[in-house]
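One structure is given below, encoded as structure tokens.
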Amino acid sequence: MRCNFTRILILSLVLAVFGLINSSPTGTQTQSHTIYMPVIARNQSGWRGPDGGSIVVMAGDPSNERVLYAGTWGSGVYKSGDGGASWQAVNHGLANLYINSLAIDPTQPSTIYAGTYRDQLYKSTDGGISWTWSGAGMQEQAIVYAIAIDPFVTSTVYAGTRGISNNGNPPWNGVVYKSIDAGLTWAAVLEDIGGPEAQDWVYSLAVNPNQEHDVFAATHEHGPYHSYDYGNTWHPIVDGINDYSGRSIVVSPERDSTTLYYGVWHTDTIYKSYNGGNDWFPSNREIQFTKVNDIALAPSNSDTIYMATFTHGVLKSTDGGVF
């Protein structure tokens with residue numbers, strides 16, 4: 001794997017990649033990419049971003065590359081309309097300001113979901129101007145780690161949560177919920193991961209952009225899971241995986257592709273599957289023991305992979321993570 005290292009003093013790093021169209025001097029259009037990297041840093045000298053606290057997650061408007069949202073730890077949601085040059089808080093109605101996750105409806109980008117720390121989920125239908133609580137059916141004090149929207153039927157939304165646990169020890173009360181009414185109500189679809197003594201939770205969710213009935217989950221300590229039926233039933237897909245400490249799972253957006261990547265926390269860094277998760281192979285040459293927080297694929301070339309890590313800053317591969 002060919003890697004470029006960005007060494008930053010970080011506690012946590014989440015990566016979002018957006019394809020931007022820029023006009024060339026001749027009037028033709030060329031494809032470029034801008035990378036947005038929310039960082040929780042020890043030293044914020046030269047910091048560019050909202051002043052509202054540590055940034056946990058970012059999301060970009062798919063219809064307007066200059067509109068960005070940042071979820072912060074303690075200061076709610078910030079919005080930029082100029083590509084990140086300036087920011088303003090957009091928290092009206094948001095009763096919990098500790099944001100763990102964000103997702104934007106790809107067909108109605110003024111609709112945004114924000115997952116919180118112990119107050120379920122909030123929804124905005126006006127681009128963040130106002131928010132309403134949208135956690136009916138979720139467990140008490142749910143921490144929402146992941147949100148995924150079905151790109152074909154966007155009223156179908158998935159959320160990975162953790163509930164009240166034994167002073168941070170298992171059982172963790174991890175539950176994946178599904179909503180078929182755009183977040184008005186939620187029903188549990190995946191529980192008791194690892195058995196009743198574990199009840200593990202999910203850090204990352206992904207809907208296959210080519211086959212929406214395929215939904216994937218990265219669990220905290222029990223490997224990747226797969227649903228063939230729109231999240232209604234699940235089974236583990238761990239053949240070839242030795243490190244089950246999942247943090248991120250992504251699906252290649254290329255037509256008819258069955259390529260997946262699975263980022264982990266303990267030893268093996270990242271795995272790759274060519275067949276929808278039926279078999280996995282380590283894709284970590286020269287980067288073993290790198291703790292992965294998030295993975296993103298470049299929208300114009302899925303062989304370009306970015307990994308946000310806890311130990312080695314941002315890593316990049318331009319060859320599909322060849323191992």
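For the structure tokens, the naming scheme is as follows: chains receive sequential letters (A, B, ...) according to their order of presentation, residues are indexed from 1 within each chain, and ligands are indexed from 1 in presentation order.
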
Residue contacts of stretch 286-301 of chain A (6 Å, only C-alpha atoms) excluding same-chain residues fewer than 3 positions away, as a ChimeraX atom specification: /A:14,19,247-248,263-265,267-269,304-311

Shell around stretch 182-186 of chain A at 10 Å using only C-alpha atoms, local window under 2 positions removed, as a PDB file with C-alpha atoms, in the first residue's frame:
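Resulting contents of out.pdb:
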ATOM      1  CA  ASP A 105     -30.422  12.765   2.865  1.00  0.00           C
ATOM      2  CA  THR A 111     -32.784  16.934   5.700  1.00  0.00           C
ATOM      3  CA  TYR A 113     -29.835  13.604  11.043  1.00  0.00           C
ATOM      4  CA  LEU A 121     -31.252  11.422  17.525  1.00  0.00           C
ATOM      5  CA  TYR A 122     -32.354  14.805  16.171  1.00  0.00           C
ATOM      6  CA  LYS A 123     -33.535  15.757  12.698  1.00  0.00           C
ATOM      7  CA  TRP A 133     -35.996  15.208  18.566  1.00  0.00           C
ATOM      8  CA  SER A 134     -36.515  12.115  16.414  1.00  0.00           C
ATOM      9  CA  GLY A 135     -35.700   9.163  18.648  1.00  0.00           C
ATOM     10  CA  ALA A 136     -39.103   7.552  19.267  1.00  0.00           C
ATOM     11  CA  GLY A 137     -38.608   3.828  19.875  1.00  0.00           C
ATOM     12  CA  MET A 138     -34.903   4.033  20.699  1.00  0.00           C
ATOM     13  CA  GLN A 139     -33.607   2.837  24.035  1.00  0.00           C
ATOM     14  CA  ILE A 149     -29.547   6.329   4.820  1.00  0.00           C
ATOM     15  CA  VAL A 153     -35.582   4.989  -0.493  1.00  0.00           C
ATOM     16  CA  THR A 154     -34.296   7.736   1.775  1.00  0.00           C
ATOM     17  CA  SER A 155     -37.137   7.411   4.248  1.00  0.00           C
ATOM     18  CA  THR A 156     -35.343   4.219   5.340  1.00  0.00           C
ATOM     19  CA  VAL A 157     -32.647   5.069   7.874  1.00  0.00           C
ATOM     20  CA  TYR A 158     -30.425   2.892  10.080  1.00  0.00           C
ATOM     21  CA  ALA A 159     -28.819   3.882  13.396  1.00  0.00           C
ATOM     22  CA  VAL A 176     -29.126  -1.261  15.636  1.00  0.00           C
ATOM     23  CA  TYR A 177     -32.415   0.446  14.801  1.00  0.00           C
ATOM     24  CA  LYS A 178     -34.259   0.926  11.529  1.00  0.00           C
ATOM     25  CA  SER A 179     -36.770   3.608  10.608  1.00  0.00           C
ATOM     26  CA  ILE A 180     -39.019   3.379   7.556  1.00  0.00           C
ATOM     27  CA  ALA A 188     -34.700  -2.656  16.781  1.00  0.00           C
ATOM     28  CA  VAL A 189     -33.336  -4.920  14.019  1.00  0.00           C
TER      29      VAL A 189
END

Neighbour list for A:Tyr98 as number ranges by chain, cut-off 12 Å, only C-alpha atoms, skip fewer than 6 positions in-chain: A: 52-57, 70-77, 91, 114-122, 143-145

Contact residues around A:Ser283 with only C-alpha atoms at 7 Å, ignoring same-chain residues under 3 positions, as a list in words: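 My list of contacting residues is Ile270, Tyr271, Lys272, Gly321, Val322 and Phe323 of chain A.
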
Selected residue of minimal separation from A:Ile129 among A:Asn64, A:Asn96, A:Gln88, A:Thr107, counting only C-alpha atoms: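 Looking only at the distances to A:Ile129, the closest residue turns out to be A:Gln88.
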
Selection near A:Gly174, 9 Å with only C-alpha atoms, sequence-local residues under 3 positions removed, as a JSON list (two decimals) with N, CA and C atoms, in the first residue's frame:
[["chain", "number", "residue", "atom", "x", "y", "z"],
["A", 142, "ALA", "N", -29.74, 6.54, 24.61],
["A", 142, "ALA", "CA", -29.00, 5.94, 23.50],
["A", 142, "ALA", "C", -27.89, 6.86, 23.02],
["A", 160, "GLY", "N", -26.91, 2.95, 14.55],
["A", 160, "GLY", "CA", -26.22, 2.07, 15.49],
["A", 160, "GLY", "C", -26.06, 2.76, 16.82],
["A", 161, "THR", "N", -26.52, 2.10, 17.92],
["A", 161, "THR", "CA", -26.55, 2.75, 19.23],
["A", 161, "THR", "C", -25.95, 1.87, 20.31],
["A", 162, "ARG", "N", -25.62, 2.51, 21.41],
["A", 162, "ARG", "CA", -25.27, 1.83, 22.65],
["A", 162, "ARG", "C", -26.09, 2.45, 23.76],
["A", 163, "GLY", "N", -26.53, 1.65, 24.72],
["A", 163, "GLY", "CA", -27.39, 2.15, 25.79],
["A", 163, "GLY", "C", -26.68, 2.20, 27.14],
["A", 171, "PRO", "N", -22.66, -6.15, 29.88],
["A", 171, "PRO", "CA", -23.28, -5.94, 28.56],
["A", 171, "PRO", "C", -23.49, -4.47, 28.25],
["A", 190, "LEU", "N", -31.20, -5.34, 15.14],
["A", 190, "LEU", "CA", -30.01, -6.13, 15.49],
["A", 190, "LEU", "C", -29.68, -5.90, 16.96],
["A", 191, "GLU", "N", -29.74, -6.99, 17.75],
["A", 191, "GLU", "CA", -29.48, -6.92, 19.19],
["A", 191, "GLU", "C", -28.64, -8.12, 19.60],
["A", 192, "ASP", "N", -28.14, -8.08, 20.84],
["A", 192, "ASP", "CA", -27.43, -9.20, 21.46],
["A", 192, "ASP", "C", -26.25, -9.68, 20.62],
["A", 193, "ILE", "N", -25.53, -8.76, 20.00],
["A", 193, "ILE", "CA", -24.31, -9.14, 19.27],
["A", 193, "ILE", "C", -23.31, -9.71, 20.26],
["A", 198, "ALA", "N", -22.60, -9.86, 26.25],
["A", 198, "ALA", "CA", -21.83, -8.82, 25.56],
["A", 198, "ALA", "C", -22.74, -7.69, 25.07],
["A", 199, "GLN", "N", -23.76, -8.05, 24.28],
["A", 199, "GLN", "CA", -24.65, -7.04, 23.68],
["A", 199, "GLN", "C", -23.82, -5.91, 23.06],
["A", 200, "ASP", "N", -22.91, -6.31, 22.19],
["A", 200, "ASP", "CA", -21.96, -5.38, 21.59],
["A", 200, "ASP", "C", -22.69, -4.35, 20.73],
["A", 201, "TRP", "N", -22.00, -3.26, 20.43],
["A", 201, "TRP", "CA", -22.60, -2.19, 19.64],
["A", 201, "TRP", "C", -21.89, -2.04, 18.30],
["A", 202, "VAL", "N", -22.47, -1.19, 17.44],
["A", 202, "VAL", "CA", -21.98, -0.96, 16.08],
["A", 202, "VAL", "C", -21.42, 0.45, 15.98]]

Surrounding residues of A:Glu254 excluding itself and chain neighbours under 6 positions, 9 Å, only C-alpha atoms, as a list in words: Pro209, Asn210, Asn301 and Ser302 of chain A

Would you mind exporting the chosen residues as an mmCIF file, in the first residue's frame, restricted to C-alpha atoms?
data_model
loop_
_atom_site.group_PDB
_atom_site.id
_atom_site.type_symbol
_atom_site.label_atom_id
_atom_site.label_comp_id
_atom_site.auth_asym_id
_atom_site.auth_seq_id
_atom_site.Cartn_x
_atom_site.Cartn_y
_atom_site.Cartn_z
ATOM 1 C CA PRO A 209 -25.137 1.848 -3.172
ATOM 2 C CA ASN A 210 -25.658 -0.796 -5.862
ATOM 3 C CA ASN A 301 -11.909 6.621 -8.138
ATOM 4 C CA SER A 302 -12.644 4.004 -5.516
#

DSSP-assigned strand (DSSP E) members of stretch 55-119 of chain A, reported as an MDAnalysis selection string: chainID A and resid 55:60 68:72 77:80 88:89 99:104 112:116

For N, CA and C atoms, I'd like the residues from the last selection saved as a PDB file, in the first residue's frame.
ATOM      1  N   ILE A  55     -14.145  18.823  17.108  1.00  0.00           N
ATOM      2  CA  ILE A  55     -15.014  18.370  16.029  1.00  0.00           C
ATOM      3  C   ILE A  55     -14.940  16.852  15.942  1.00  0.00           C
ATOM      4  N   VAL A  56     -16.097  16.212  16.001  1.00  0.00           N
ATOM      5  CA  VAL A  56     -16.164  14.758  16.013  1.00  0.00           C
ATOM      6  C   VAL A  56     -16.493  14.199  14.636  1.00  0.00           C
ATOM      7  N   VAL A  57     -17.347  14.891  13.880  1.00  0.00           N
ATOM      8  CA  VAL A  57     -17.823  14.341  12.623  1.00  0.00           C
ATOM      9  C   VAL A  57     -18.150  15.476  11.664  1.00  0.00           C
ATOM     10  N   MET A  58     -17.994  15.213  10.360  1.00  0.00           N
ATOM     11  CA  MET A  58     -18.361  16.185   9.343  1.00  0.00           C
ATOM     12  C   MET A  58     -19.221  15.523   8.280  1.00  0.00           C
ATOM     13  N   ALA A  59     -20.020  16.337   7.596  1.00  0.00           N
ATOM     14  CA  ALA A  59     -20.836  15.865   6.477  1.00  0.00           C
ATOM     15  C   ALA A  59     -20.947  16.982   5.466  1.00  0.00           C
ATOM     16  N   GLY A  60     -20.969  16.610   4.183  1.00  0.00           N
ATOM     17  CA  GLY A  60     -21.064  17.594   3.115  1.00  0.00           C
ATOM     18  C   GLY A  60     -22.353  17.460   2.345  1.00  0.00           C
ATOM     19  N   LEU A  68     -21.142  22.676   4.308  1.00  0.00           N
ATOM     20  CA  LEU A  68     -20.588  21.650   5.180  1.00  0.00           C
ATOM     21  C   LEU A  68     -21.226  21.748   6.557  1.00  0.00           C
ATOM     22  N   TYR A  69     -21.266  20.621   7.244  1.00  0.00           N
ATOM     23  CA  TYR A  69     -21.751  20.567   8.620  1.00  0.00           C
ATOM     24  C   TYR A  69     -20.691  19.891   9.478  1.00  0.00           C
ATOM     25  N   ALA A  70     -20.514  20.395  10.685  1.00  0.00           N
ATOM     26  CA  ALA A  70     -19.568  19.818  11.632  1.00  0.00           C
ATOM     27  C   ALA A  70     -20.283  19.546  12.947  1.00  0.00           C
ATOM     28  N   GLY A  71     -20.190  18.326  13.422  1.00  0.00           N
ATOM     29  CA  GLY A  71     -20.736  17.969  14.721  1.00  0.00           C
ATOM     30  C   GLY A  71     -19.653  18.026  15.776  1.00  0.00           C
ATOM     31  N   THR A  72     -19.902  18.743  16.863  1.00  0.00           N
ATOM     32  CA  THR A  72     -18.879  18.974  17.872  1.00  0.00           C
ATOM     33  C   THR A  72     -19.223  18.279  19.186  1.00  0.00           C
ATOM     34  N   VAL A  77     -24.002  21.583  16.457  1.00  0.00           N
ATOM     35  CA  VAL A  77     -23.711  21.503  15.026  1.00  0.00           C
ATOM     36  C   VAL A  77     -23.349  22.888  14.502  1.00  0.00           C
ATOM     37  N   TYR A  78     -22.304  22.939  13.679  1.00  0.00           N
ATOM     38  CA  TYR A  78     -21.918  24.157  12.974  1.00  0.00           C
ATOM     39  C   TYR A  78     -22.111  23.945  11.474  1.00  0.00           C
ATOM     40  N   LYS A  79     -22.356  25.042  10.775  1.00  0.00           N
ATOM     41  CA  LYS A  79     -22.581  24.986   9.332  1.00  0.00           C
ATOM     42  C   LYS A  79     -21.715  26.027   8.638  1.00  0.00           C
ATOM     43  N   SER A  80     -21.187  25.627   7.489  1.00  0.00           N
ATOM     44  CA  SER A  80     -20.440  26.559   6.640  1.00  0.00           C
ATOM     45  C   SER A  80     -21.088  26.579   5.266  1.00  0.00           C
ATOM     46  N   GLN A  88     -21.047  28.954  11.409  1.00  0.00           N
ATOM     47  CA  GLN A  88     -21.985  29.466  12.395  1.00  0.00           C
ATOM     48  C   GLN A  88     -22.705  28.295  13.054  1.00  0.00           C
ATOM     49  N   ALA A  89     -23.009  28.455  14.337  1.00  0.00           N
ATOM     50  CA  ALA A  89     -23.739  27.420  15.060  1.00  0.00           C
ATOM     51  C   ALA A  89     -25.177  27.341  14.555  1.00  0.00           C
ATOM     52  N   ILE A  99     -22.458  15.734  19.799  1.00  0.00           N
ATOM     53  CA  ILE A  99     -22.835  15.104  18.540  1.00  0.00           C
ATOM     54  C   ILE A  99     -21.825  14.005  18.201  1.00  0.00           C
ATOM     55  N   ASN A 100     -22.341  12.801  17.970  1.00  0.00           N
ATOM     56  CA  ASN A 100     -21.495  11.664  17.609  1.00  0.00           C
ATOM     57  C   ASN A 100     -21.532  11.338  16.126  1.00  0.00           C
ATOM     58  N   SER A 101     -22.632  11.651  15.433  1.00  0.00           N
ATOM     59  CA  SER A 101     -22.789  11.221  14.048  1.00  0.00           C
ATOM     60  C   SER A 101     -23.696  12.186  13.293  1.00  0.00           C
ATOM     61  N   LEU A 102     -23.484  12.272  11.989  1.00  0.00           N
ATOM     62  CA  LEU A 102     -24.291  13.098  11.097  1.00  0.00           C
ATOM     63  C   LEU A 102     -24.561  12.327   9.816  1.00  0.00           C
ATOM     64  N   ALA A 103     -25.730  12.554   9.232  1.00  0.00           N
ATOM     65  CA  ALA A 103     -26.036  11.997   7.912  1.00  0.00           C
ATOM     66  C   ALA A 103     -26.973  12.947   7.186  1.00  0.00           C
ATOM     67  N   ILE A 104     -26.761  13.090   5.865  1.00  0.00           N
ATOM     68  CA  ILE A 104     -27.556  13.986   5.038  1.00  0.00           C
ATOM     69  C   ILE A 104     -28.311  13.160   4.012  1.00  0.00           C
ATOM     70  N   ILE A 112     -31.303  16.544   7.551  1.00  0.00           N
ATOM     71  CA  ILE A 112     -30.070  16.122   8.213  1.00  0.00           C
ATOM     72  C   ILE A 112     -30.427  15.396   9.499  1.00  0.00           C
ATOM     73  N   TYR A 113     -29.688  14.342   9.790  1.00  0.00           N
ATOM     74  CA  TYR A 113     -29.835  13.604  11.043  1.00  0.00           C
ATOM     75  C   TYR A 113     -28.572  13.789  11.879  1.00  0.00           C
ATOM     76  N   ALA A 114     -28.759  14.018  13.172  1.00  0.00           N
ATOM     77  CA  ALA A 114     -27.643  14.179  14.097  1.00  0.00           C
ATOM     78  C   ALA A 114     -27.812  13.215  15.257  1.00  0.00           C
ATOM     79  N   GLY A 115     -26.862  12.300  15.406  1.00  0.00           N
ATOM     80  CA  GLY A 115     -26.867  11.365  16.513  1.00  0.00           C
ATOM     81  C   GLY A 115     -26.115  11.944  17.695  1.00  0.00           C
ATOM     82  N   THR A 116     -26.669  11.826  18.881  1.00  0.00           N
ATOM     83  CA  THR A 116     -26.097  12.466  20.059  1.00  0.00           C
ATOM     84  C   THR A 116     -25.531  11.444  21.043  1.00  0.00           C
TER      85      THR A 116
END

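Look at A:Leu260: the protein and nucleic acid residues within 8 Å of it, using only C-alpha atoms and passing over chain neighbours fewer than 4 places away, are Ile249, Val250, Val251, Ser252, Lys272, Ser273, Tyr274, Asn275, Gly276 and Gly277 of chain A.
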
Distance of atom CA of A:His222 from atom CA of A:Phe152, expressed in Å to one decimal place: 28.8 Å
